[in-house]
Structure formats: structure tokens, C-alpha cells
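What follows is the content of start-v2.txt, which has compact mmCIF, C-alpha atoms and all ligand atoms:
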```
# COMPACT_ATOMS: atom_id res chain seq x y z
CA MET A 1 -3.40 -68.29 -28.79
CA ASN A 2 -6.15 -65.81 -28.24
CA VAL A 3 -8.18 -65.93 -31.45
CA TYR A 4 -10.70 -63.35 -30.31
CA PRO A 5 -8.87 -60.34 -28.78
CA ILE A 6 -10.65 -59.21 -25.64
CA LYS A 7 -11.81 -55.61 -25.55
CA THR A 8 -10.26 -53.95 -22.48
CA GLU A 9 -10.89 -50.41 -21.18
CA ALA A 10 -7.36 -49.44 -22.29
CA ASN A 11 -7.57 -50.61 -25.88
CA SER A 12 -11.14 -49.42 -26.40
CA SER A 13 -10.20 -45.87 -25.38
CA GLN A 14 -7.20 -46.08 -27.74
CA GLN A 15 -9.54 -46.93 -30.59
CA LEU A 16 -11.65 -43.91 -29.75
CA GLY A 17 -8.64 -41.58 -29.53
CA GLN A 18 -7.95 -39.91 -26.16
CA PRO A 19 -9.43 -41.34 -22.97
CA VAL A 20 -12.40 -39.36 -21.70
CA GLY A 21 -11.14 -36.31 -19.80
CA VAL A 22 -12.16 -34.81 -16.46
CA THR A 23 -15.12 -32.48 -16.86
CA LEU A 24 -15.36 -29.26 -14.87
CA ASP A 25 -18.41 -30.64 -13.04
CA ARG A 26 -16.57 -33.76 -11.95
CA PHE A 27 -13.51 -31.72 -10.93
CA ILE A 28 -15.63 -29.35 -8.80
CA LYS A 29 -17.34 -32.33 -7.15
CA ARG A 30 -14.01 -34.01 -6.44
CA LYS A 31 -12.61 -30.82 -4.85
CA GLU A 32 -15.74 -30.38 -2.75
CA GLY A 33 -15.23 -33.91 -1.43
CA GLU A 34 -11.82 -32.82 -0.07
CA PHE A 35 -13.54 -30.38 2.34
CA PRO A 36 -15.55 -32.39 4.88
CA TYR A 37 -17.82 -29.46 5.84
CA ALA A 38 -18.41 -28.08 2.34
CA SER A 39 -22.08 -27.29 1.84
CA GLY A 40 -21.97 -27.42 -1.96
CA GLU A 41 -23.03 -23.77 -2.37
CA LEU A 42 -19.68 -22.58 -3.73
CA SER A 43 -19.61 -25.57 -6.10
CA GLN A 44 -23.05 -24.62 -7.36
CA LEU A 45 -21.95 -21.02 -7.84
CA LEU A 46 -18.94 -22.17 -9.91
CA ARG A 47 -21.30 -24.27 -12.03
CA ASP A 48 -23.56 -21.23 -12.52
CA ILE A 49 -20.54 -19.26 -13.77
CA ALA A 50 -19.62 -22.05 -16.18
CA LEU A 51 -23.17 -22.14 -17.50
CA ALA A 52 -23.26 -18.37 -18.11
CA ALA A 53 -19.82 -18.63 -19.75
CA LYS A 54 -21.17 -21.21 -22.20
CA ILE A 55 -24.05 -18.90 -23.09
CA VAL A 56 -21.72 -15.92 -23.53
CA HIS A 57 -19.39 -18.10 -25.64
CA LYS A 58 -22.36 -18.78 -27.91
CA GLU A 59 -23.30 -15.09 -28.10
CA ILE A 60 -19.72 -14.12 -28.93
CA SER A 61 -19.28 -16.76 -31.61
CA ARG A 62 -22.28 -15.40 -33.48
CA SER A 63 -21.62 -11.74 -32.70
CA GLY A 64 -20.27 -11.06 -36.19
CA LEU A 65 -23.72 -11.95 -37.46
CA LEU A 66 -25.56 -9.62 -35.12
CA GLY A 67 -25.28 -6.68 -37.49
CA ILE A 68 -26.57 -8.79 -40.36
CA GLU A 69 -29.44 -10.12 -38.29
CA GLY A 70 -30.18 -6.62 -37.09
CA ALA A 71 -30.19 -5.38 -40.68
CA PHE A 72 -32.87 -7.97 -41.35
CA GLY A 73 -34.81 -6.66 -38.39
CA ARG A 74 -34.39 -9.87 -36.40
CA GLU A 75 -34.32 -9.79 -32.62
CA ASN A 76 -34.28 -12.49 -30.02
CA VAL A 77 -37.22 -12.87 -27.64
CA GLN A 78 -35.76 -10.35 -25.20
CA GLY A 79 -35.18 -7.90 -28.03
CA GLU A 80 -31.46 -8.05 -27.30
CA SER A 81 -29.91 -8.52 -30.72
CA GLN A 82 -29.03 -4.84 -31.01
CA GLN A 83 -27.37 -4.64 -27.61
CA LYS A 84 -23.65 -4.41 -27.13
CA LEU A 85 -21.98 -7.66 -26.14
CA ASP A 86 -20.78 -6.36 -22.79
CA VAL A 87 -24.36 -5.50 -21.88
CA ILE A 88 -25.52 -8.92 -23.08
CA ALA A 89 -22.78 -10.67 -21.07
CA ASN A 90 -23.82 -8.70 -18.00
CA ILE A 91 -27.43 -9.80 -18.45
CA ARG A 92 -26.38 -13.44 -18.86
CA PHE A 93 -24.24 -13.53 -15.71
CA THR A 94 -26.78 -11.56 -13.67
CA ARG A 95 -29.49 -14.02 -14.68
CA ALA A 96 -27.30 -17.03 -13.87
CA PHE A 97 -26.58 -15.70 -10.36
CA ARG A 98 -30.19 -14.72 -9.74
CA ASN A 99 -31.51 -18.11 -10.86
CA GLY A 100 -28.74 -20.04 -9.11
CA GLY A 101 -29.62 -18.50 -5.73
CA GLU A 102 -26.10 -18.65 -4.21
CA VAL A 103 -25.33 -14.93 -4.47
CA CYS A 104 -26.51 -12.26 -2.03
CA ALA A 105 -25.08 -9.32 -4.02
CA MET A 106 -23.30 -8.77 -7.29
CA ILE A 107 -20.84 -6.01 -8.20
CA SER A 108 -20.46 -5.51 -11.94
CA GLU A 109 -18.46 -3.18 -14.14
CA GLU A 110 -21.65 -2.59 -16.08
CA ASP A 111 -23.70 -1.42 -13.08
CA GLU A 112 -22.85 1.65 -11.07
CA LEU A 113 -24.66 0.37 -7.98
CA LEU A 114 -24.50 -3.05 -6.45
CA ILE A 115 -27.19 -5.55 -7.48
CA PRO A 116 -28.89 -7.10 -4.44
CA MET A 117 -29.90 -10.76 -4.90
CA ASN A 118 -30.82 -13.59 -2.51
CA GLN A 119 -30.46 -12.22 1.07
CA ASP A 120 -30.22 -15.77 2.41
CA ALA A 121 -27.17 -16.58 0.31
CA SER A 122 -23.56 -16.46 1.51
CA TYR A 123 -21.58 -15.18 -1.46
CA ILE A 124 -20.73 -11.86 -3.08
CA VAL A 125 -19.62 -11.92 -6.71
CA ALA A 126 -17.63 -9.13 -8.36
CA ILE A 127 -17.47 -9.39 -12.14
CA ASP A 128 -16.20 -7.79 -15.31
CA PRO A 129 -18.68 -9.54 -17.61
CA LEU A 130 -16.77 -8.67 -20.77
CA ASP A 131 -13.19 -7.54 -20.59
CA GLY A 132 -11.45 -6.12 -23.64
CA SER A 133 -14.72 -4.89 -25.11
CA SER A 134 -12.98 -2.46 -27.47
CA ASN A 135 -11.64 -5.59 -29.25
CA ILE A 136 -15.04 -7.12 -29.98
CA ASP A 137 -15.55 -5.48 -33.34
CA ALA A 138 -12.12 -6.65 -34.50
CA ASN A 139 -12.71 -10.34 -33.67
CA VAL A 140 -9.93 -10.30 -31.06
CA SER A 141 -9.89 -12.39 -27.85
CA ILE A 142 -11.98 -11.09 -24.95
CA GLY A 143 -12.84 -12.42 -21.50
CA THR A 144 -14.82 -12.45 -18.27
CA ILE A 145 -13.19 -11.92 -14.85
CA PHE A 146 -14.80 -12.92 -11.54
CA SER A 147 -14.10 -12.83 -7.81
CA ILE A 148 -16.08 -14.59 -5.10
CA TYR A 149 -16.20 -13.48 -1.45
CA ARG A 150 -18.04 -14.91 1.54
CA ARG A 151 -20.24 -12.32 3.24
CA LYS A 152 -19.18 -11.12 6.68
CA SER A 153 -22.65 -10.16 7.87
CA ARG A 154 -25.34 -12.63 8.91
CA ARG A 155 -27.36 -14.39 6.20
CA GLY A 156 -30.92 -13.16 5.90
CA THR A 157 -29.89 -9.54 6.45
CA LYS A 158 -29.12 -6.79 3.96
CA VAL A 159 -25.53 -6.83 2.67
CA LYS A 160 -23.28 -4.18 4.19
CA ASN A 161 -20.17 -2.28 3.17
CA GLU A 162 -18.00 -4.75 5.09
CA ASP A 163 -19.31 -7.49 2.77
CA LEU A 164 -18.67 -5.54 -0.41
CA LEU A 165 -15.41 -3.78 0.30
CA GLN A 166 -13.26 -6.75 1.27
CA ALA A 167 -9.55 -6.92 0.47
CA GLY A 168 -8.55 -9.34 -2.30
CA SER A 169 -6.88 -11.59 0.29
CA GLU A 170 -10.42 -12.51 1.44
CA GLN A 171 -11.43 -14.03 -1.90
CA VAL A 172 -12.64 -17.62 -1.60
CA ALA A 173 -12.42 -18.20 -5.35
CA ALA A 174 -11.57 -16.25 -8.48
CA GLY A 175 -11.15 -16.90 -12.14
CA TYR A 176 -11.58 -15.84 -15.71
CA VAL A 177 -13.05 -17.07 -18.94
CA LEU A 178 -11.07 -16.40 -22.10
CA TYR A 179 -13.05 -16.40 -25.34
CA GLY A 180 -10.12 -16.95 -27.69
CA SER A 181 -9.17 -19.45 -30.36
CA SER A 182 -10.84 -21.78 -27.90
CA THR A 183 -12.83 -20.81 -24.83
CA MET A 184 -11.15 -21.54 -21.51
CA LEU A 185 -12.14 -21.23 -17.87
CA VAL A 186 -9.30 -20.82 -15.39
CA TYR A 187 -9.97 -20.63 -11.65
CA THR A 188 -8.59 -21.03 -8.17
CA THR A 189 -10.13 -21.66 -4.77
CA GLY A 190 -6.78 -21.08 -3.07
CA CYS A 191 -5.36 -24.57 -3.71
CA GLY A 192 -3.60 -24.00 -7.02
CA VAL A 193 -4.88 -22.92 -10.41
CA ASN A 194 -6.62 -25.15 -12.93
CA GLY A 195 -7.63 -24.47 -16.52
CA PHE A 196 -10.46 -26.05 -18.50
CA THR A 197 -11.04 -25.92 -22.24
CA TYR A 198 -14.55 -25.81 -23.66
CA GLU A 199 -15.65 -28.43 -26.17
CA PRO A 200 -18.66 -26.72 -27.80
CA SER A 201 -20.03 -29.81 -29.53
CA LEU A 202 -20.34 -31.56 -26.15
CA GLY A 203 -21.18 -28.44 -24.17
CA GLU A 204 -18.55 -29.32 -21.55
CA PHE A 205 -15.40 -27.80 -20.10
CA PHE A 206 -12.57 -30.36 -19.78
CA LEU A 207 -9.53 -30.12 -17.53
CA SER A 208 -6.73 -29.21 -19.94
CA HIS A 209 -4.27 -27.25 -17.77
CA PRO A 210 -4.01 -28.90 -14.32
CA ASP A 211 -2.10 -27.09 -11.56
CA ILE A 212 -0.82 -24.16 -13.62
CA LYS A 213 2.50 -22.71 -12.46
CA THR A 214 3.82 -19.54 -14.06
CA PRO A 215 7.54 -19.41 -14.98
CA LYS A 216 9.70 -17.58 -12.43
CA ASP A 217 11.11 -15.40 -15.21
CA GLY A 218 9.92 -14.62 -18.71
CA LYS A 219 10.57 -12.97 -22.04
CA LEU A 220 7.29 -11.08 -22.52
CA TYR A 221 6.30 -7.59 -21.38
CA SER A 222 2.84 -6.18 -21.98
CA ILE A 223 2.12 -2.48 -21.67
CA ASN A 224 0.43 0.20 -23.77
CA GLU A 225 3.69 1.85 -24.80
CA GLY A 226 1.82 4.58 -26.65
CA ASN A 227 1.46 6.14 -23.19
CA TYR A 228 5.27 6.17 -22.68
CA HIS A 229 5.54 9.94 -22.22
CA GLN A 230 2.78 9.85 -19.59
CA PHE A 231 4.61 7.30 -17.40
CA ASP A 232 6.73 8.08 -14.34
CA ARG A 233 10.48 7.82 -14.76
CA GLY A 234 10.59 4.49 -12.89
CA ILE A 235 8.25 2.87 -15.42
CA GLN A 236 10.23 4.34 -18.31
CA GLU A 237 13.40 2.87 -16.77
CA TYR A 238 11.69 -0.50 -16.49
CA ILE A 239 10.76 -0.42 -20.16
CA LYS A 240 14.44 0.25 -20.94
CA PHE A 241 15.32 -2.75 -18.74
CA CYS A 242 12.99 -4.86 -20.94
CA TYR A 243 14.75 -3.53 -24.06
CA ARG A 244 18.17 -4.36 -22.61
CA ARG A 245 17.02 -7.91 -21.89
CA GLU A 246 15.72 -8.11 -25.47
CA MET A 247 12.28 -9.12 -24.24
CA SER A 248 9.34 -9.36 -26.63
CA SER A 249 6.57 -6.77 -26.48
CA ARG A 250 3.09 -8.32 -26.57
CA TYR A 251 -0.06 -6.28 -25.99
CA ILE A 252 -3.51 -7.37 -27.09
CA GLY A 253 -5.44 -4.76 -25.12
CA SER A 254 -7.64 -7.40 -23.48
CA LEU A 255 -6.36 -7.84 -19.95
CA VAL A 256 -7.57 -11.45 -19.70
CA ALA A 257 -5.86 -12.47 -22.93
CA ASP A 258 -2.61 -10.66 -22.13
CA PHE A 259 -2.61 -12.09 -18.60
CA HIS A 260 -3.37 -15.65 -19.72
CA ARG A 261 -0.58 -15.69 -22.30
CA ASN A 262 1.95 -14.33 -19.80
CA LEU A 263 0.77 -16.76 -17.10
CA LEU A 264 1.52 -19.73 -19.35
CA LYS A 265 4.67 -18.44 -21.04
CA GLY A 266 6.21 -16.17 -18.39
CA GLY A 267 6.08 -12.40 -18.55
CA VAL A 268 4.81 -9.22 -16.97
CA TYR A 269 1.71 -7.08 -17.59
CA LEU A 270 1.77 -3.40 -16.61
CA TYR A 271 -0.94 -0.78 -16.40
CA PRO A 272 0.75 2.16 -14.64
CA PRO A 273 -0.72 5.54 -13.71
CA THR A 274 -0.92 7.92 -16.67
CA ARG A 275 -1.80 11.59 -17.01
CA THR A 276 -5.34 10.67 -18.10
CA ASN A 277 -5.69 7.91 -15.47
CA PRO A 278 -3.58 9.00 -12.46
CA ASP A 279 -4.76 5.95 -10.43
CA GLY A 280 -4.25 3.55 -13.31
CA LYS A 281 -7.12 2.37 -15.47
CA LEU A 282 -7.98 -1.08 -14.17
CA ARG A 283 -10.52 -1.75 -11.44
CA LEU A 284 -9.40 -3.27 -8.17
CA ILE A 285 -12.51 -5.22 -7.17
CA TYR A 286 -13.51 -6.92 -10.42
CA GLU A 287 -10.35 -6.94 -12.53
CA CYS A 288 -7.15 -6.83 -10.49
CA ASN A 289 -8.00 -8.87 -7.38
CA ALA A 290 -9.03 -12.00 -9.27
CA LEU A 291 -5.91 -12.01 -11.43
CA ALA A 292 -3.70 -11.23 -8.42
CA PHE A 293 -5.15 -14.24 -6.55
CA ILE A 294 -4.56 -16.47 -9.58
CA VAL A 295 -1.02 -15.25 -10.25
CA GLU A 296 0.01 -15.78 -6.62
CA GLN A 297 -1.49 -19.26 -6.63
CA ALA A 298 0.54 -19.95 -9.76
CA GLY A 299 3.77 -18.69 -8.13
CA GLY A 300 3.83 -15.12 -9.50
CA GLN A 301 3.25 -11.66 -8.01
CA ALA A 302 0.92 -8.68 -8.31
CA THR A 303 1.58 -5.19 -6.96
CA ASP A 304 0.35 -1.63 -7.38
CA GLY A 305 4.01 -0.56 -7.24
CA LYS A 306 4.07 -0.13 -3.47
CA ARG A 307 1.79 -2.75 -2.01
CA ARG A 308 0.62 -6.28 -2.78
CA ILE A 309 -2.65 -5.99 -4.74
CA LEU A 310 -4.38 -8.52 -2.44
CA ASP A 311 -3.66 -6.31 0.61
CA LEU A 312 -5.33 -3.18 -0.79
CA GLN A 313 -8.41 -2.09 1.11
CA PRO A 314 -11.04 -0.91 -1.38
CA ASN A 315 -12.97 2.27 -0.59
CA CYS A 316 -15.55 2.12 -3.35
CA LEU A 317 -16.95 -0.41 -5.82
CA HIS A 318 -15.32 0.93 -8.98
CA GLU A 319 -11.98 1.98 -7.52
CA ARG A 320 -9.00 1.93 -9.88
CA THR A 321 -5.46 0.84 -9.16
CA PRO A 322 -2.16 0.63 -11.02
CA LEU A 323 -1.36 -3.02 -11.80
CA PHE A 324 1.97 -4.79 -12.29
CA ILE A 325 1.48 -8.53 -12.48
CA GLY A 326 3.34 -11.60 -13.64
CA SER A 327 6.49 -13.65 -13.16
CA GLU A 328 8.23 -13.22 -9.82
CA LEU A 329 11.60 -11.99 -11.06
CA LEU A 330 10.08 -9.51 -13.51
CA VAL A 331 7.81 -7.98 -10.87
CA ASN A 332 10.75 -7.78 -8.45
CA ALA A 333 12.79 -5.93 -11.08
CA LEU A 334 9.88 -3.52 -11.55
CA LYS A 335 9.69 -2.83 -7.81
CA ASN A 336 13.42 -2.07 -7.84
CA CYS A 337 13.01 0.44 -10.66
CA LEU A 338 10.22 2.18 -8.76
CA ILE A 339 12.23 2.36 -5.51
CA THR A 340 15.22 3.78 -7.39
CA ASP A 341 12.94 6.35 -8.96
CA LEU A 342 11.69 7.49 -5.53
CA ARG A 343 15.22 8.15 -4.26
CA PRO A 344 16.20 11.84 -4.39
CA THR A 345 18.40 12.58 -7.41
CA GLY A 346 22.11 12.20 -6.67
CA SER A 347 21.63 9.36 -4.14
P1 LIG B 1 -13.00 -3.31 -20.33
O1 LIG B 1 -13.18 -3.76 -21.75
O2 LIG B 1 -13.60 -4.29 -19.35
O3 LIG B 1 -13.44 -1.89 -20.09
O4 LIG B 1 -11.43 -3.38 -19.98
C1 LIG B 1 -10.50 -2.82 -20.85
C2 LIG B 1 -9.17 -2.81 -20.17
C3 LIG B 1 -8.36 -4.09 -20.28
O5 LIG B 1 -8.99 -5.20 -20.80
C4 LIG B 1 -7.21 -3.73 -21.16
O6 LIG B 1 -6.05 -4.40 -20.76
C5 LIG B 1 -7.11 -2.26 -21.03
O7 LIG B 1 -8.39 -1.79 -20.76
C6 LIG B 1 -6.60 -1.62 -22.27
O8 LIG B 1 -6.48 -0.28 -22.07
P2 LIG B 1 -5.72 0.69 -23.11
O9 LIG B 1 -6.54 0.68 -24.34
O10 LIG B 1 -5.67 2.00 -22.40
O11 LIG B 1 -4.35 0.11 -23.32
MN MN B 2 -12.04 -5.00 -18.15
MN MN B 3 -15.65 -4.94 -19.21
```
Do you think you could lay out the structure here as C-alpha cells?
Ligand code: AHG
Ligand code: MN
Ligand code: MN
Amino acid sequence: MNVYPIKTEANSSQQLGQPVGVTLDRFIKRKEGEFPYASGELSQLLRDIALAAKIVHKEISRSGLLGIEGAFGRENVQGESQQKLDVIANIRFTRAFRNGGEVCAMISEEDELLIPMNQDASYIVAIDPLDGSSNIDANVSIGTIFSIYRRKSRRGTKVKNEDLLQAGSEQVAAGYVLYGSSTMLVYTTGCGVNGFTYEPSLGEFFLSHPDIKTPKDGKLYSINEGNYHQFDRGIQEYIKFCYRREMSSRYIGSLVADFHRNLLKGGVYLYPPTRTNPDGKLRLIYECNALAFIVEQAGGQATDGKRRILDLQPNCLHERTPLFIGSELLVNALKNCLITDLRPTGS
């Protein structure tokens, strides 16, 4: 009989609860190892994004106190305590890319012009530093969306339009950070989608959602229905289709949060053209492309109503596009409604 039980790896991790998970760092390293010629620059860039996300997470979690601190006249060393969170997030990501050295130019929702960085670097980043900013004051989930492209022009030269205005199909990686009931980072490099949950006390992201696949069909539809009378007939018909199927309406008003929920549960998100925004409201380069890449990698679809989002050729940095994105069958049904709507009446 074994009087003194021997401590094995299995029973010691049981005593401590769950076995130690896979950190984002380790996951990135492992993936890099699968590409024999990987230089490590993209891995470093992903780590820079994770670092900035941790800082933004911290800023957001104390944002409710900013007003109080401000009232007491307190400011941080940069004098930033009075700034809006989307401006702060922009500063944090810009700094992370500048210090990291892997980015030759950054396109941001918060900056009208592109931000040139390290000319010797290979990557362009397009970013919405804080998405859903109208929700900040109400303590509702918000996010960050990012796309990464490899430059077409030679390193060491100034970036050109061909580097900046690439179609979404050229993305080498894309992802988002969701600052919700927990903070998550979800990304793809074109080999599936993986999600990581942040453990603030350890300062680490852990793999929590490996190889995410979105359901083929779903029960959720997400659209700002207050704009109903501004929508084309095809969209109105689609909404009626959702009613007939007794689907549930869910709309947070933060694209990242609405998208993430639908990705996991199955559903469709729509931002169609309206009278006030005839090209739709969302931005192609730093909102739609990243989510379109992710949804396709997860088995779903993204369209502007006529064309695949990832095939759209951007003409300017802040271009808008209609967006219909989500589960395959729901996006197909939407396309059908739009085709029917285009047919001359009586056909
Ligand atoms: P941002 O906060 O980056 O400007 O984006 C807001 C976007 C998106 O997050 C959201 O889905 C959409 O605007 C909501 O628009 P409506 O208020 O028109 O529904
Ligand atoms: Mn946004
Ligand atoms: Mn934004």
C-alpha cells in the first residue's frame, strides 16, 4: 500500500483548480513555429496590440471615476484625465505601434490623415480604437477593431496608396477586443478564429474560445430598427422575414459587442443605407473588413448587399459601406430579399 501518495502533475493541478491555460503569448509563438519562414514581426505586432488592449482595459475600468478625479483637479502625467476615452484609446494604440516598431503606417478612425511610422517596417494597421463610443457613458460594452496588411511597396520607402487602399481579402490578420463583462481578444491570421479572455489579476490573455465556428443559422437579428422608414423595401422585407421566423431582436449599438454575440450564438447584423447615411454608416477599412475576415474564417458571410465585403476596393481611408454580416443562411436570405427588391414590380 502506498502510505505516502505521490504528487503527480495531474493531481497537483486538480488541487489548484483548472490546469494552467494557454496564454496568448504562447499561442502566438506556437503559431509562428508552424510557418518556417516567419520572421516574428507579425507576432510582435500582435503582442503590441494585446499590450495596448490591456492598457485600454485599465482605462475603461476606471473611466467612471474620471469625472470624479477631474472634479478633484487630478490629471495623469500626460494631462489626459479629461480626454474622451476614444481619444485616449487612440493615443494608447498609436504609442504601442510606434514603440513596437513593426508598423510603417497607421490608419485610425480618430485621425483624418494616415499616421506615418517606421518606414523600415512591413505592416499597415487600420484601427477603430474605440468602437461603440456613444455607449461609454452608460457603462455598456465597447471594443477595438483592427486589421493588419503587409505593405506592397519596398521597405525603407514612403508608404503609397497601394499600401493603404488594399482590399480586405489582402488582410494578413484581423481582430477585435471586446471590453465587456470580461475583456476578450479575438483574432485570425487566416487559419481559423481564436478567442482569448483577459485575467486582469495576472495581466494575461488566456485561450478560452479555440477555433470559433459560427452557427450556420441563428435566431438573432441586430439592426437599428428606429431607422425602419429610411430603409429600402428589400431591407424592410427582410425584417418581416425575421418577424415571421420569430427571431429575437438584439441591438447594443456597439458593433463589436453585437457582432461577437451573434458570432457565438448565430445571427445577423445589419447596417443598411439610410437617408442620413446613403452609403451606410460603418467604415470599410477599419470596421467592416476585420469583422468580414473573422466571420468568413468562422464559416459565416459578409456582404454590402451586392458584393462580398472582402472584395471591395477602397477609394479613401474613411470610406463607408453598408454591412450585412453573420450566419450563412441568414445572409443568404438577406441577399434574396435584396435581389427580389431589385426586380421590376410585377415580375
Ligand atoms: P464608433 O463608436 O466607432 O463611431 O462606432 C459606432 C458604430 C457602431 O459601433 C455601432 O454599431 C453603430 O455605430 C451604431 O449606430 P446607430 O447608433 O446609428 O445605430
Ligand atoms: Mn466604430
Ligand atoms: Mn470608434
Mind dumping a table of every range 285-340 of chain A residue within 10 Å of range 208-223 of chain A, with the nearest atom pair and its distance in Å to one decimal, using all atoms listed in the file, sorted by chain and rising number, as a Markdown table?
```
| residue | atom | partner | partner_atom | distance |
| --- | --- | --- | --- | --- |
| A:Ile294 | CA | A:Ile212 | CA | 9.5 |
| A:Val295 | CA | A:Thr214 | CA | 7.5 |
| A:Glu296 | CA | A:Thr214 | CA | 9.2 |
| A:Gln297 | CA | A:Lys213 | CA | 7.9 |
| A:Ala298 | CA | A:Lys213 | CA | 4.3 |
| A:Gly299 | CA | A:Thr214 | CA | 6.0 |
| A:Gly300 | CA | A:Thr214 | CA | 6.4 |
| A:Gln301 | CA | A:Lys216 | CA | 9.8 |
| A:Phe324 | CA | A:Ile223 | CA | 9.7 |
| A:Ile325 | CA | A:Ser222 | CA | 9.9 |
| A:Gly326 | CA | A:Thr214 | CA | 8.0 |
| A:Ser327 | CA | A:Lys216 | CA | 5.1 |
| A:Glu328 | CA | A:Lys216 | CA | 5.3 |
| A:Leu329 | CA | A:Asp217 | CA | 5.4 |
| A:Leu330 | CA | A:Asp217 | CA | 6.2 |
| A:Val331 | CA | A:Asp217 | CA | 9.2 |
```
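Neighbouring residues of range 41-51 of chain A at 9 Å or closer, counting all atoms listed in the file and skipping chain neighbours under 6 positions away, are Leu24, Asp25, Ile28, Lys29, Lys31, Glu32, Phe93, Ala96, Phe97, Asn99, Gly100, Gly101, Glu102, Val103, Ala121, Ser122, Tyr123, Phe146, Ile148, Val172, Ala173, Val177, Leu185 and Phe205 of chain A.
Note that CA of Leu323 in chain A and CA of Arg307 in chain A are 10.3 Å apart.
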So which residues are near ligand MN 3 (chain B), meaning at most 7 Å away with only C-alpha atoms and all ligand atoms counted, given back as number ranges by chain? A: 86, 109, 128-133
Counting all atoms listed in the file, which protein, DNA or RNA residues come within 10 Å of ligand LIG 1 (chain B), given as number ranges by chain? A: 86, 109-110, 127-136, 142-145, 222-227, 251-259, 269-271, 274, 276-277, 280-283, 286-287
Can you write out the residues you just picked, keeping C-alpha atoms, as a PDB file, in the coordinates of the input?
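Contents of the output file out-v2.pdb:
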```
ATOM      1  CA  ASP A  86     -20.780  -6.360 -22.790  1.00  0.00           C
ATOM      2  CA  GLU A 109     -18.460  -3.180 -14.140  1.00  0.00           C
ATOM      3  CA  GLU A 110     -21.650  -2.590 -16.080  1.00  0.00           C
ATOM      4  CA  ILE A 127     -17.470  -9.390 -12.140  1.00  0.00           C
ATOM      5  CA  ASP A 128     -16.200  -7.790 -15.310  1.00  0.00           C
ATOM      6  CA  PRO A 129     -18.680  -9.540 -17.610  1.00  0.00           C
ATOM      7  CA  LEU A 130     -16.770  -8.670 -20.770  1.00  0.00           C
ATOM      8  CA  ASP A 131     -13.190  -7.540 -20.590  1.00  0.00           C
ATOM      9  CA  GLY A 132     -11.450  -6.120 -23.640  1.00  0.00           C
ATOM     10  CA  SER A 133     -14.720  -4.890 -25.110  1.00  0.00           C
ATOM     11  CA  SER A 134     -12.980  -2.460 -27.470  1.00  0.00           C
ATOM     12  CA  ASN A 135     -11.640  -5.590 -29.250  1.00  0.00           C
ATOM     13  CA  ILE A 136     -15.040  -7.120 -29.980  1.00  0.00           C
ATOM     14  CA  ILE A 142     -11.980 -11.090 -24.950  1.00  0.00           C
ATOM     15  CA  GLY A 143     -12.840 -12.420 -21.500  1.00  0.00           C
ATOM     16  CA  THR A 144     -14.820 -12.450 -18.270  1.00  0.00           C
ATOM     17  CA  ILE A 145     -13.190 -11.920 -14.850  1.00  0.00           C
ATOM     18  CA  SER A 222       2.840  -6.180 -21.980  1.00  0.00           C
ATOM     19  CA  ILE A 223       2.120  -2.480 -21.670  1.00  0.00           C
ATOM     20  CA  ASN A 224       0.430   0.200 -23.770  1.00  0.00           C
ATOM     21  CA  GLU A 225       3.690   1.850 -24.800  1.00  0.00           C
ATOM     22  CA  GLY A 226       1.820   4.580 -26.650  1.00  0.00           C
ATOM     23  CA  ASN A 227       1.460   6.140 -23.190  1.00  0.00           C
ATOM     24  CA  TYR A 251      -0.060  -6.280 -25.990  1.00  0.00           C
ATOM     25  CA  ILE A 252      -3.510  -7.370 -27.090  1.00  0.00           C
ATOM     26  CA  GLY A 253      -5.440  -4.760 -25.120  1.00  0.00           C
ATOM     27  CA  SER A 254      -7.640  -7.400 -23.480  1.00  0.00           C
ATOM     28  CA  LEU A 255      -6.360  -7.840 -19.950  1.00  0.00           C
ATOM     29  CA  VAL A 256      -7.570 -11.450 -19.700  1.00  0.00           C
ATOM     30  CA  ALA A 257      -5.860 -12.470 -22.930  1.00  0.00           C
ATOM     31  CA  ASP A 258      -2.610 -10.660 -22.130  1.00  0.00           C
ATOM     32  CA  PHE A 259      -2.610 -12.090 -18.600  1.00  0.00           C
ATOM     33  CA  TYR A 269       1.710  -7.080 -17.590  1.00  0.00           C
ATOM     34  CA  LEU A 270       1.770  -3.400 -16.610  1.00  0.00           C
ATOM     35  CA  TYR A 271      -0.940  -0.780 -16.400  1.00  0.00           C
ATOM     36  CA  THR A 274      -0.920   7.920 -16.670  1.00  0.00           C
ATOM     37  CA  THR A 276      -5.340  10.670 -18.100  1.00  0.00           C
ATOM     38  CA  ASN A 277      -5.690   7.910 -15.470  1.00  0.00           C
ATOM     39  CA  GLY A 280      -4.250   3.550 -13.310  1.00  0.00           C
ATOM     40  CA  LYS A 281      -7.120   2.370 -15.470  1.00  0.00           C
ATOM     41  CA  LEU A 282      -7.980  -1.080 -14.170  1.00  0.00           C
ATOM     42  CA  ARG A 283     -10.520  -1.750 -11.440  1.00  0.00           C
ATOM     43  CA  TYR A 286     -13.510  -6.920 -10.420  1.00  0.00           C
ATOM     44  CA  GLU A 287     -10.350  -6.940 -12.530  1.00  0.00           C
TER      45      GLU A 287
END
```
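Between Ala105 in chain A and the candidates A:Tyr149, A:Tyr198, A:Tyr179, A:Phe293, the tightest atom-to-atom separation, counting only C-alpha atoms, involves A:Tyr149.
Across the structure, CA of Gly267 in chain A and CA of Gly195 in chain A are spaced 18.4 Å apart.
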With distances taken over all atoms listed in the file, which of A:Val186, A:Leu334, A:Leu291, A:Cys316 is nearest to ligand MN 2 (chain B)?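 Of all the options, A:Leu291 lies closest to ligand MN 2 (chain B).
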Best match for closeness to ligand MN 2 (chain B) among A:Gly203, A:Arg275, A:Ser108, A:Glu246, counting only C-alpha atoms and all ligand atoms: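 Of A:Gly203, A:Arg275, A:Ser108, A:Glu246, the one nearest ligand MN 2 (chain B), counting only C-alpha atoms and all ligand atoms, is A:Ser108.
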Need to verify the contact set: Asn289 in chain A, 10 Å, only C-alpha atoms, exclusion of same-chain residues closer than 5 positions in sequence. Can you return it as a PyMOL selection string? chain A and resi 126+145-147+167-171+174-175+283-284+294-295+302+309-312+323
Top pick for closest residue to ligand MN 2 (chain B), considering A:Ile285, A:Asp304, A:Cys337, A:Arg92 and counting all atoms listed in the file: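 Among the listed residues, the smallest separation from ligand MN 2 (chain B) belongs to A:Ile285.
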Out of A:Thr188, A:Gln313, A:Asn194, A:Thr303, which residue has the shortest atom-to-atom distance to Glu162 in chain A when counting all atoms listed in the file? A:Gln313
CA of Cys191 in chain A and CA of Val268 in chain A, how far apart in Å?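 About the pair CA of Val268 in chain A and CA of Cys191 in chain A: they are 22.7 Å apart.
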Identify, on the basis of all atoms listed in the file, every residue whose closest approach to Lys160 in chain A does not exceed 12 Å; exclude the query and any residue fewer than 3 positions from it along the same chain; express the result as a list in words. Cys104, Ala105, Leu114, Pro116, Gln119, Ile124, Arg151, Lys152, Ser153, Arg154, Arg155, Gly156, Thr157, Asp163, Leu164, Leu165 and Gln166 of chain A
Take the point (8.9, 8.7, -15.7) in the file's coordinates, draw a sphere of radius 12 Å around it, and report as a list in words every protein, DNA or RNA residue with an atom inside or on it, counting all atoms listed in the file.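 Residues with an atom at most 12 Å from (8.9, 8.7, -15.7): Asn227, Tyr228, His229, Gln230, Phe231, Asp232, Arg233, Gly234, Ile235, Gln236, Glu237, Tyr238, Ile239, Lys240, Pro272, Pro273, Thr274, Arg275, Cys337, Leu338, Thr340, Asp341 and Leu342 of chain A.
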Go through A:Asn336, A:Ser63, A:Asn161, A:Asn139 and flag the residue nearest Ile107 in chain A, using all atoms listed in the file for the distances.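 Distance minimum relative to Ile107 in chain A lands on A:Asn161.
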